[in-house]
Amino acid sequence: MADPRDSKKPPSSKRSPGAAGAGMGGGGPTSSRDLLGRRALLDEALIGLRAIKDPNVPVRAIERNLRASLRALYGALASPSDAKQYNEGTATALNRALAALGSLEAMVTRDTGARRVTRNLREATQDWREAVGRTLLHPLQLPRPAEGEWPRALTGVPSLLTLERGPVPPAIVLPIEEEAPEIDVSMDPTPTERWMPVLSLEELLAQAEAAGEELGASGKKAPASRPARKKARPAVTPKEVEEAQFGLQLPRSEVEFARARAFFEELAMMSVMRQPDAGDLWSELSTVEERLLARVDGIVACGVDVLPELVKLLDDRPVPDPELTWAALFVHGCLAGDDALHQVARTVRTVGLEEPEIFDATADALAFVPHPGLESLLRGWLSGPEPTLQLLAVRVLGRRGMLRGEEALNFALDEDPKMALEGARALPWASGALDLGEMAELLRSEEEELVSFVIETFWLRHPETGVEQVRALVAEGQEGFASAALWLAIGGGPEAAADFEAALARGGKASPALLEALGWYGDLRFVEPLLAQLRAGQVAAVGALQRLTGASLTDDVPDPEYEKGEEPFVRGFSPPPQELELTADPESWTAWWRKHQERATLKKRYRWGHLWSPQDNLWEMEHAPASMRERRLAFHELVARTGATHPFDPRDFVARQQAMLARWREAPELRRAASGTWALSFSR
C-alpha cells in the first residue's frame with residue numbers, strides 16, 4: 001500500500017544540466033535559445049570544472065576562458081540597447097567559449113566531468129548568432145538607482161545596496177593541487193659534480209694561494225690588469241628621488257585589491273566575533289556588527305572588479321575556510337542585481353558543502369543576505385537533483401520562515417535522516433497549519449535533536465500537547481532526552497512537582513539535566529534535594545540553587561549581608577550579580593538556606609531569590625550575559641506562561657533583536673501574568 005505522505009513530497013527533479021543552470025536565480029524563466037539560457041549553460045560548464053578528475057585536462061586554462069566568456073556576455077546583456085557594445089560583447093563571449101571547447105575537444109579523456117562540460121559548451125555555442133538576434137524577453141536585471149539617489153551605507157542590519165555599477169565578474173572556487181614540475185634529466189650533475197665536496201671559505205682561499213704560487217714558479221707572468229675606467233654617474237631624475245622617498249607607485253587596481261582584501265578578511269573574522277560566547281552580553285556586540293557592515297561598504301567602494309579575486313582567495317586555502325566563505329556569500333548577497341545572485345549561486349555550488357563547517361557557514365550567511373531573489377534560487381535547489389543543495393535550501397528557507405507548515409512537515413517525515421532533521425529544524429518557524437497526528441509520529445523518533453525541534457514546535461503552537469509529551473519522557477526516566485526536564489520546568493504547572501519528585505526518588509545521583517530543570521522550575525521545596533546532591537558531589541546543583549535563591553555565594557563571601565527590605569524571598573525584582581565564581585561548598589549553601597528559609601513561601605514560584613515574574617525573562621533575554629540557549633529558554637518560558645507568541649531569535653543581528661524585545665516589552669499578555677505562580681496560558 002502506498003504511503004499517503006508520498007503525494008505531499010516535492011517531486012524529484014529530472015532536469016538536464018542546462019535546465020538546472022537556468023534556474024540559478026534571477027531574470028525569470030529562460031530558454032537555451034536566447035542569451036540568458038546560454039549564460040546558464042556557460043555557468044554550468046564553469047561550475048562543472050570541479051568535477052573533472054583527469055589531471056591531463058587543462059582545467060585552469062578552460063576556467064580562464066569561461067570566466068572571460070561570461071564576463072563579456074554579462075557586459076553585453078547589461079546594455080542591449082548599445083549595439084556596438086552588445087555585438088562586441090557577444091562576439092567575445094562566443095570566441096572565449098569556443099576556445100574552452102577547443103581545449104576539451106583536443107583531449108582524449110574518459111572523464112565524465114569533462115564530457116559533461118563539453119556537452120554544455122557545445123549546446124551553449126551552437127546557433128549562437130540566432131540567439132544573439134533574439135529579443136530578450138527577460139533582460140538581465142542590474143541595479144538602476146533613481147536619478148539623484150545617493151547610495152546609503154549599511155547600518156544596523158544587512159540591507160540591499162543599489163549602486164550604479166558594471167556587471168559582477170564571475171568566479172568559482174576551484175582548489176586544484178598543482179602538479180610538481182618535471183625534472184629535466186639533461187640538467188642533472190655529472191657523477192664527478194654530484195660527489196664534489198663542499199669547501200669552506202678558508203679552503204677556497206688556500207687553493208687560490210696555491211694556484212698563485214704555482215703560476216709564479218712556472219715563470220709565467222700574471223696578466224696585467226687594466227685600470228678600471230670610471231663611468232660618469234648619470235644625473236638623478238626627480239622621479240628617482242620620489243621613488244627613493246615614497247616607494248614605487250602601485251597601479252590603482254593593486255591598491256584597491258589590497259584594501260578590499262584587508263576589508264574582506266576582517267569581515268570574515270567579524271562573522272565569528274558577532275556570535276556571543278557564554279558570559280558575553282549580546283547587545284555589546286552591536287559595534288562589531290556595525291564594523292562588519294562597514295567592511296561591506298568598503299569592499300564595494302573598491303569596485304566590482306575586486307570581487308572575483310576575493311572569491312579566488314578560497315582557492316589557496318589548504319583547509320576549508322568557513323569564515324571567508326561566509327564573507328564571500330554575504331558581500332554578493334548585499335548587492336542588488338541578477339548578476340550578484342548568480343555569483344552567490346556559483347560560490348555555494350563550488351565552495352565544498354560536503355564539509356559540515358562550510359555547510360553551516362553557508363547557511364548562516366544566506367540566512368542574513370537581503371537579496372530579494374534568494375527565495376527563488378533556494379526553491380530551485382529545493383526541487384533540484386543535488387541532495388546537498390536540497391538540504392541547504394530547507395535549512396535556509398526554514399530559518400528565514402519561508403517554508404509552509406506542510407512543506408516542513410513533509411521534509412521532517414522524509415526517509416533520509418539528514419533531510420528529516422532539516423525539516424524538523426524548520427518546523428518552529430514554518431507558517432500555516434500542521435497535522436498534529438503526523439507531528440506526534442515524529443515524537444517517536446530516536447533522533448534527540450529532531451524530537452527537540454518537534455517539542456519546540458508544539459510549544460509555539462499547541463503547548464498543552466508539548467507539556468504532555470515531555471511529562472511522559474520524564475516519567476520514563478528520559479529527563480535528559482531532548483531536554484525534556486527543562487521543557488517541563490519552563491512550561492509545567494504545579495502538578496509537574498510530582499514528576500520531578502518521582503525522578504529524584506529513582507535514587508542515585510540525579511542527571512545534570514534534572515538538576516538544571518529544578519532551578520528553572522522555581523519550587524523552593526527542591527532546595528533540600530539540591531543540597532543533598534551537592535553534598536554527593538553534583539556540582540551542577542550550584543547553578544540550580546543560584547537560580548532559585550539568588551544567594552550569589554562565593555568562597556570569599558559565604559554569608560552576604562542584606563539591607564532591610566532587600567532580604568532574600570521578600571525583595572522585589574532584583575537581578576543577581578554577574579561574573580561571580582560561585583562556591584561549590586555544600587556547607588556554605590546549607591548554612592545560608594537555614595538562615596533565610598523562613599522568609600520563603602513554599603507555595604510560590606521563585607527566581608533569583610524573589611517571586612518570579614515575566615520581568616525575569618525579559619531581563620535574561622535582554623540584559624543578562626546569558627548564552628543563546630538560556631535566552632531561548634527564557635523566551636519559551638514567556639510563551640508558555642503568557643500566551644504571547646511574538647518572534648525572537650538570539651542569532652539575529654543586534655538591531656533586529658532589540659526591535660523584537662521592544663515588541664515583547666509592550667505585549668499586554670505580560671501584564672496579565674501573575675507573579676510567583678505556575679500559571680499557563682494555552683490560548684493560541
# chains A, B, ... in the order shown; residues from 1 in each chain; ligands from 1
$ residues_around --residues "A:His596" --least-positions-apart "6" --cutoff "9 Å" --atoms "only C-alpha atoms" --output "VMD selection string"
chain A and resid 567 to 569
$ select_by_dssp --residues "stretch 363-574 of chain A" --states "alpha helix (DSSP H)" --output "PyMOL selection string"
chain A and resi 363-368+374-382+387-399+405-412+417-426+436-442+448-461+463-475+484-491+496-505+512-521+527-535+541-549
$ residues_around --residues "A:Lys603" --least-positions-apart "2" --cutoff "12 Å" --atoms "only C-alpha atoms" --output "JSON, numbers by chain"
{"A": [494, 497, 522, 523, 524, 525, 526, 600, 601, 605, 606, 611, 676, 677, 678]}
$ write_last_selection --atoms "N, CA, C and O atoms" --output "PDB file, in the first residue's frame"
ATOM      1  N   PRO A 494       1.759  23.403  38.591  1.00  0.00           N
ATOM      2  CA  PRO A 494       2.058  22.859  39.924  1.00  0.00           C
ATOM      3  C   PRO A 494       2.130  21.340  39.945  1.00  0.00           C
ATOM      4  O   PRO A 494       2.879  20.763  40.741  1.00  0.00           O
ATOM      5  N   ALA A 497       5.497  19.184  39.847  1.00  0.00           N
ATOM      6  CA  ALA A 497       6.348  18.906  41.007  1.00  0.00           C
ATOM      7  C   ALA A 497       6.386  17.418  41.308  1.00  0.00           C
ATOM      8  O   ALA A 497       7.437  16.869  41.687  1.00  0.00           O
ATOM      9  N   GLY A 522      11.459  26.558  39.850  1.00  0.00           N
ATOM     10  CA  GLY A 522      11.184  27.631  40.800  1.00  0.00           C
ATOM     11  C   GLY A 522      10.535  27.221  42.104  1.00  0.00           C
ATOM     12  O   GLY A 522      10.078  28.088  42.854  1.00  0.00           O
ATOM     13  N   ASP A 523      10.484  25.945  42.413  1.00  0.00           N
ATOM     14  CA  ASP A 523       9.847  25.470  43.639  1.00  0.00           C
ATOM     15  C   ASP A 523      10.913  25.288  44.713  1.00  0.00           C
ATOM     16  O   ASP A 523      11.808  24.448  44.591  1.00  0.00           O
ATOM     17  N   LEU A 524      10.810  26.070  45.821  1.00  0.00           N
ATOM     18  CA  LEU A 524      11.827  26.018  46.870  1.00  0.00           C
ATOM     19  C   LEU A 524      11.809  24.716  47.650  1.00  0.00           C
ATOM     20  O   LEU A 524      12.743  24.444  48.421  1.00  0.00           O
ATOM     21  N   ARG A 525      10.802  23.879  47.482  1.00  0.00           N
ATOM     22  CA  ARG A 525      10.806  22.568  48.135  1.00  0.00           C
ATOM     23  C   ARG A 525      11.934  21.681  47.617  1.00  0.00           C
ATOM     24  O   ARG A 525      12.276  20.672  48.245  1.00  0.00           O
ATOM     25  N   PHE A 526      12.508  22.075  46.476  1.00  0.00           N
ATOM     26  CA  PHE A 526      13.594  21.268  45.914  1.00  0.00           C
ATOM     27  C   PHE A 526      14.978  21.769  46.337  1.00  0.00           C
ATOM     28  O   PHE A 526      15.992  21.239  45.867  1.00  0.00           O
ATOM     29  N   ALA A 600      10.689  32.379  53.116  1.00  0.00           N
ATOM     30  CA  ALA A 600      10.154  31.853  51.861  1.00  0.00           C
ATOM     31  C   ALA A 600       8.759  31.280  52.059  1.00  0.00           C
ATOM     32  O   ALA A 600       8.401  30.799  53.136  1.00  0.00           O
ATOM     33  N   THR A 601       7.970  31.346  50.999  1.00  0.00           N
ATOM     34  CA  THR A 601       6.656  30.712  50.943  1.00  0.00           C
ATOM     35  C   THR A 601       6.753  29.551  49.976  1.00  0.00           C
ATOM     36  O   THR A 601       6.956  29.749  48.775  1.00  0.00           O
ATOM     37  N   ARG A 605       6.363  30.569  43.389  1.00  0.00           N
ATOM     38  CA  ARG A 605       7.423  30.280  42.419  1.00  0.00           C
ATOM     39  C   ARG A 605       8.470  31.384  42.485  1.00  0.00           C
ATOM     40  O   ARG A 605       8.133  32.574  42.368  1.00  0.00           O
ATOM     41  N   TYR A 606       9.740  30.998  42.612  1.00  0.00           N
ATOM     42  CA  TYR A 606      10.813  31.980  42.812  1.00  0.00           C
ATOM     43  C   TYR A 606      11.841  31.906  41.686  1.00  0.00           C
ATOM     44  O   TYR A 606      12.032  30.881  41.042  1.00  0.00           O
ATOM     45  N   LEU A 611       9.985  36.563  43.907  1.00  0.00           N
ATOM     46  CA  LEU A 611       8.891  35.944  43.182  1.00  0.00           C
ATOM     47  C   LEU A 611       9.101  36.101  41.681  1.00  0.00           C
ATOM     48  O   LEU A 611       9.414  37.197  41.198  1.00  0.00           O
ATOM     49  N   GLY A 676       4.878  34.931  40.827  1.00  0.00           N
ATOM     50  CA  GLY A 676       5.013  33.878  41.813  1.00  0.00           C
ATOM     51  C   GLY A 676       4.132  32.677  41.591  1.00  0.00           C
ATOM     52  O   GLY A 676       3.934  31.874  42.511  1.00  0.00           O
ATOM     53  N   THR A 677       3.588  32.503  40.390  1.00  0.00           N
ATOM     54  CA  THR A 677       2.701  31.370  40.124  1.00  0.00           C
ATOM     55  C   THR A 677       3.261  30.532  38.974  1.00  0.00           C
ATOM     56  O   THR A 677       4.181  30.937  38.273  1.00  0.00           O
ATOM     57  N   TRP A 678       2.661  29.355  38.805  1.00  0.00           N
ATOM     58  CA  TRP A 678       2.985  28.489  37.675  1.00  0.00           C
ATOM     59  C   TRP A 678       1.889  28.579  36.614  1.00  0.00           C
ATOM     60  O   TRP A 678       1.668  27.637  35.861  1.00  0.00           O
TER      61      TRP A 678
END
$ closest_residue --among "A:Ser483, A:Gln657, A:Thr90, A:Thr162" --to "A:Glu130" --atoms "only C-alpha atoms"
A:Thr90
$ closest_residue --among "A:Ala76, A:Ser81, A:Ala294, A:Trp128" --to "A:Asn95" --atoms "only C-alpha atoms"
A:Trp128
$ residues_around --residues "stretch 415-419 of chain A" --least-positions-apart "3" --cutoff "10 Å" --atoms "only C-alpha atoms" --output "JSON list (two decimals) with N, CA and C atoms, in the first residue's frame"
[["chain", "number", "residue", "atom", "x", "y", "z"],
["A", 387, "PRO", "N", 21.28, 16.50, -3.70],
["A", 387, "PRO", "CA", 20.80, 16.35, -2.31],
["A", 387, "PRO", "C", 21.37, 17.40, -1.35],
["A", 388, "THR", "N", 22.66, 17.74, -1.50],
["A", 388, "THR", "CA", 23.25, 18.70, -0.57],
["A", 388, "THR", "C", 22.62, 20.08, -0.73],
["A", 390, "GLN", "N", 19.57, 20.58, -1.74],
["A", 390, "GLN", "CA", 18.24, 20.45, -1.17],
["A", 390, "GLN", "C", 18.28, 20.66, 0.34],
["A", 391, "LEU", "N", 19.25, 20.01, 1.00],
["A", 391, "LEU", "CA", 19.39, 20.18, 2.44],
["A", 391, "LEU", "C", 19.64, 21.64, 2.81],
["A", 392, "LEU", "N", 20.53, 22.28, 2.05],
["A", 392, "LEU", "CA", 20.83, 23.69, 2.31],
["A", 392, "LEU", "C", 19.59, 24.55, 2.12],
["A", 394, "VAL", "N", 16.43, 23.72, 2.45],
["A", 394, "VAL", "CA", 15.50, 23.53, 3.56],
["A", 394, "VAL", "C", 15.99, 24.28, 4.80],
["A", 395, "ARG", "N", 17.30, 24.18, 5.08],
["A", 395, "ARG", "CA", 17.86, 24.87, 6.25],
["A", 395, "ARG", "C", 17.62, 26.38, 6.16],
["A", 410, "ASN", "N", 6.56, 17.60, 5.62],
["A", 410, "ASN", "CA", 6.91, 16.57, 4.64],
["A", 410, "ASN", "C", 8.40, 16.26, 4.66],
["A", 411, "PHE", "N", 9.21, 17.29, 4.76],
["A", 411, "PHE", "CA", 10.65, 17.06, 4.83],
["A", 411, "PHE", "C", 11.01, 16.37, 6.14],
["A", 412, "ALA", "N", 10.35, 16.73, 7.25],
["A", 412, "ALA", "CA", 10.64, 16.10, 8.54],
["A", 412, "ALA", "C", 10.28, 14.62, 8.54],
["A", 422, "GLU", "N", 16.60, 18.39, 8.99],
["A", 422, "GLU", "CA", 16.45, 19.76, 8.48],
["A", 422, "GLU", "C", 14.99, 20.17, 8.43],
["A", 423, "GLY", "N", 14.10, 19.23, 8.05],
["A", 423, "GLY", "CA", 12.68, 19.54, 8.04],
["A", 423, "GLY", "C", 12.17, 19.85, 9.44],
["A", 424, "ALA", "N", 12.60, 19.06, 10.43],
["A", 424, "ALA", "CA", 12.18, 19.31, 11.81],
["A", 424, "ALA", "C", 12.73, 20.64, 12.32],
["A", 425, "ARG", "N", 13.97, 20.97, 11.90],
["A", 425, "ARG", "CA", 14.56, 22.25, 12.31],
["A", 425, "ARG", "C", 13.73, 23.43, 11.80],
["A", 447, "GLU", "N", 15.97, 10.14, 17.21],
["A", 447, "GLU", "CA", 16.90, 11.25, 16.97],
["A", 447, "GLU", "C", 16.57, 12.38, 17.95],
["A", 450, "LEU", "N", 16.01, 16.02, 16.60],
["A", 450, "LEU", "CA", 14.75, 16.11, 15.86],
["A", 450, "LEU", "C", 13.58, 16.24, 16.82]]
$ closest_residue --among "A:Ala540, A:Gly643, A:Glu528, A:Gly466" --to "A:Ala513" --atoms "only C-alpha atoms"
A:Ala540
$ closest_residue --among "A:Ala61, A:Ala301, A:Leu104, A:Leu73" --to "A:Leu163" --atoms "only C-alpha atoms"
A:Ala301
$ residues_around --residues "A:Glu620" --least-positions-apart "4" --cutoff "10 Å" --atoms "only C-alpha atoms" --output "list in words"
Pro575, Gln615, Asp616, Ala624, Pro625, Ala626, Ser627, Glu630, Arg631, Arg632, Leu633, Ala634 and Phe635 of chain A
$ write_last_selection --atoms "N, CA and C atoms" --output "compact mmCIF listing (two decimals), in the first residue's frame"
# COMPACT_ATOMS: atom_id res chain seq x y z
N PRO A 575 17.97 41.59 39.78
CA PRO A 575 18.84 40.63 39.08
C PRO A 575 20.07 40.32 39.90
N GLN A 615 9.22 39.81 34.08
CA GLN A 615 10.37 40.72 34.05
C GLN A 615 11.69 39.94 34.16
N ASP A 616 11.67 38.82 34.87
CA ASP A 616 12.87 38.00 34.97
C ASP A 616 13.29 37.47 33.60
N ALA A 624 21.03 40.18 30.59
CA ALA A 624 21.95 39.24 31.23
C ALA A 624 23.01 38.75 30.24
N PRO A 625 24.23 38.54 30.71
CA PRO A 625 25.25 37.92 29.84
C PRO A 625 25.01 36.42 29.75
N ALA A 626 23.87 36.06 29.18
CA ALA A 626 23.45 34.66 29.11
C ALA A 626 23.80 34.08 27.75
N SER A 627 23.83 32.75 27.70
CA SER A 627 24.09 32.06 26.44
C SER A 627 22.85 32.13 25.54
N GLU A 630 20.19 29.81 26.94
CA GLU A 630 19.45 30.33 28.08
C GLU A 630 18.47 31.42 27.67
N ARG A 631 18.87 32.25 26.75
CA ARG A 631 17.97 33.31 26.28
C ARG A 631 16.78 32.71 25.53
N ARG A 632 17.04 31.64 24.78
CA ARG A 632 15.96 30.97 24.07
C ARG A 632 15.00 30.29 25.05
N LEU A 633 15.53 29.69 26.13
CA LEU A 633 14.68 29.10 27.15
C LEU A 633 13.81 30.15 27.83
N ALA A 634 14.41 31.30 28.13
CA ALA A 634 13.63 32.38 28.75
C ALA A 634 12.50 32.83 27.84
N PHE A 635 12.76 32.86 26.55
CA PHE A 635 11.72 33.21 25.57
C PHE A 635 10.58 32.18 25.59
$ decode --residues "stretch 508-519 of chain A" --atoms "all heavy atoms" --output "PDB file, in the first residue's frame"
ATOM      1  N   GLY A 508      20.155   7.530  43.623  1.00  0.00           N
ATOM      2  CA  GLY A 508      21.447   7.788  42.997  1.00  0.00           C
ATOM      3  C   GLY A 508      21.635   9.257  42.679  1.00  0.00           C
ATOM      4  O   GLY A 508      20.856  10.124  43.082  1.00  0.00           O
ATOM      5  N   LYS A 509      22.689   9.521  41.954  1.00  0.00           N
ATOM      6  CA  LYS A 509      22.950  10.897  41.552  1.00  0.00           C
ATOM      7  C   LYS A 509      21.990  11.309  40.436  1.00  0.00           C
ATOM      8  O   LYS A 509      21.818  10.570  39.461  1.00  0.00           O
ATOM      9  CB  LYS A 509      24.392  11.038  41.072  1.00  0.00           C
ATOM     10  CG  LYS A 509      25.428  10.912  42.192  1.00  0.00           C
ATOM     11  CD  LYS A 509      26.824  11.198  41.670  1.00  0.00           C
ATOM     12  CE  LYS A 509      27.843  11.141  42.802  1.00  0.00           C
ATOM     13  NZ  LYS A 509      29.221  11.445  42.319  1.00  0.00           N
ATOM     14  N   ALA A 510      21.393  12.468  40.592  1.00  0.00           N
ATOM     15  CA  ALA A 510      20.487  12.978  39.563  1.00  0.00           C
ATOM     16  C   ALA A 510      21.292  13.465  38.367  1.00  0.00           C
ATOM     17  O   ALA A 510      22.457  13.872  38.496  1.00  0.00           O
ATOM     18  CB  ALA A 510      19.640  14.112  40.120  1.00  0.00           C
ATOM     19  N   SER A 511      20.686  13.437  37.198  1.00  0.00           N
ATOM     20  CA  SER A 511      21.360  13.895  35.986  1.00  0.00           C
ATOM     21  C   SER A 511      21.503  15.411  36.016  1.00  0.00           C
ATOM     22  O   SER A 511      20.683  16.114  36.625  1.00  0.00           O
ATOM     23  CB  SER A 511      20.559  13.478  34.752  1.00  0.00           C
ATOM     24  OG  SER A 511      19.315  14.153  34.727  1.00  0.00           O
ATOM     25  N   PRO A 512      22.543  15.955  35.372  1.00  0.00           N
ATOM     26  CA  PRO A 512      22.670  17.417  35.287  1.00  0.00           C
ATOM     27  C   PRO A 512      21.440  18.077  34.678  1.00  0.00           C
ATOM     28  O   PRO A 512      21.075  19.191  35.079  1.00  0.00           O
ATOM     29  CB  PRO A 512      23.911  17.611  34.407  1.00  0.00           C
ATOM     30  CG  PRO A 512      24.710  16.364  34.607  1.00  0.00           C
ATOM     31  CD  PRO A 512      23.697  15.264  34.774  1.00  0.00           C
ATOM     32  N   ALA A 513      20.791  17.410  33.706  1.00  0.00           N
ATOM     33  CA  ALA A 513      19.591  17.976  33.088  1.00  0.00           C
ATOM     34  C   ALA A 513      18.484  18.146  34.111  1.00  0.00           C
ATOM     35  O   ALA A 513      17.784  19.168  34.132  1.00  0.00           O
ATOM     36  CB  ALA A 513      19.125  17.081  31.939  1.00  0.00           C
ATOM     37  N   LEU A 514      18.304  17.163  35.004  1.00  0.00           N
ATOM     38  CA  LEU A 514      17.264  17.251  36.025  1.00  0.00           C
ATOM     39  C   LEU A 514      17.584  18.351  37.028  1.00  0.00           C
ATOM     40  O   LEU A 514      16.702  19.121  37.439  1.00  0.00           O
ATOM     41  CB  LEU A 514      17.126  15.907  36.739  1.00  0.00           C
ATOM     42  CG  LEU A 514      16.101  15.837  37.880  1.00  0.00           C
ATOM     43  CD1 LEU A 514      14.710  16.209  37.379  1.00  0.00           C
ATOM     44  CD2 LEU A 514      16.104  14.453  38.518  1.00  0.00           C
ATOM     45  N   LEU A 515      18.856  18.463  37.420  1.00  0.00           N
ATOM     46  CA  LEU A 515      19.242  19.498  38.381  1.00  0.00           C
ATOM     47  C   LEU A 515      19.009  20.897  37.806  1.00  0.00           C
ATOM     48  O   LEU A 515      18.495  21.785  38.499  1.00  0.00           O
ATOM     49  CB  LEU A 515      20.707  19.312  38.775  1.00  0.00           C
ATOM     50  CG  LEU A 515      21.048  18.001  39.494  1.00  0.00           C
ATOM     51  CD1 LEU A 515      22.543  17.929  39.767  1.00  0.00           C
ATOM     52  CD2 LEU A 515      20.256  17.869  40.778  1.00  0.00           C
ATOM     53  N   GLU A 516      19.408  21.096  36.566  1.00  0.00           N
ATOM     54  CA  GLU A 516      19.181  22.406  35.944  1.00  0.00           C
ATOM     55  C   GLU A 516      17.691  22.708  35.862  1.00  0.00           C
ATOM     56  O   GLU A 516      17.260  23.845  36.094  1.00  0.00           O
ATOM     57  CB  GLU A 516      19.805  22.440  34.551  1.00  0.00           C
ATOM     58  CG  GLU A 516      19.701  23.805  33.890  1.00  0.00           C
ATOM     59  CD  GLU A 516      20.262  23.851  32.476  1.00  0.00           C
ATOM     60  OE1 GLU A 516      20.582  22.765  31.932  1.00  0.00           O
ATOM     61  OE2 GLU A 516      20.379  24.958  31.912  1.00  0.00           O
ATOM     62  N   ALA A 517      16.895  21.698  35.557  1.00  0.00           N
ATOM     63  CA  ALA A 517      15.451  21.904  35.437  1.00  0.00           C
ATOM     64  C   ALA A 517      14.844  22.333  36.766  1.00  0.00           C
ATOM     65  O   ALA A 517      13.928  23.187  36.802  1.00  0.00           O
ATOM     66  CB  ALA A 517      14.786  20.626  34.941  1.00  0.00           C
ATOM     67  N   LEU A 518      15.319  21.798  37.878  1.00  0.00           N
ATOM     68  CA  LEU A 518      14.782  22.181  39.181  1.00  0.00           C
ATOM     69  C   LEU A 518      15.010  23.662  39.453  1.00  0.00           C
ATOM     70  O   LEU A 518      14.184  24.317  40.107  1.00  0.00           O
ATOM     71  CB  LEU A 518      15.418  21.324  40.277  1.00  0.00           C
ATOM     72  CG  LEU A 518      15.076  19.823  40.235  1.00  0.00           C
ATOM     73  CD1 LEU A 518      15.841  19.079  41.313  1.00  0.00           C
ATOM     74  CD2 LEU A 518      13.579  19.606  40.369  1.00  0.00           C
ATOM     75  N   GLY A 519      16.134  24.200  38.987  1.00  0.00           N
ATOM     76  CA  GLY A 519      16.369  25.629  39.144  1.00  0.00           C
ATOM     77  C   GLY A 519      15.377  26.457  38.355  1.00  0.00           C
ATOM     78  O   GLY A 519      14.846  27.463  38.842  1.00  0.00           O
TER      79      GLY A 519
END
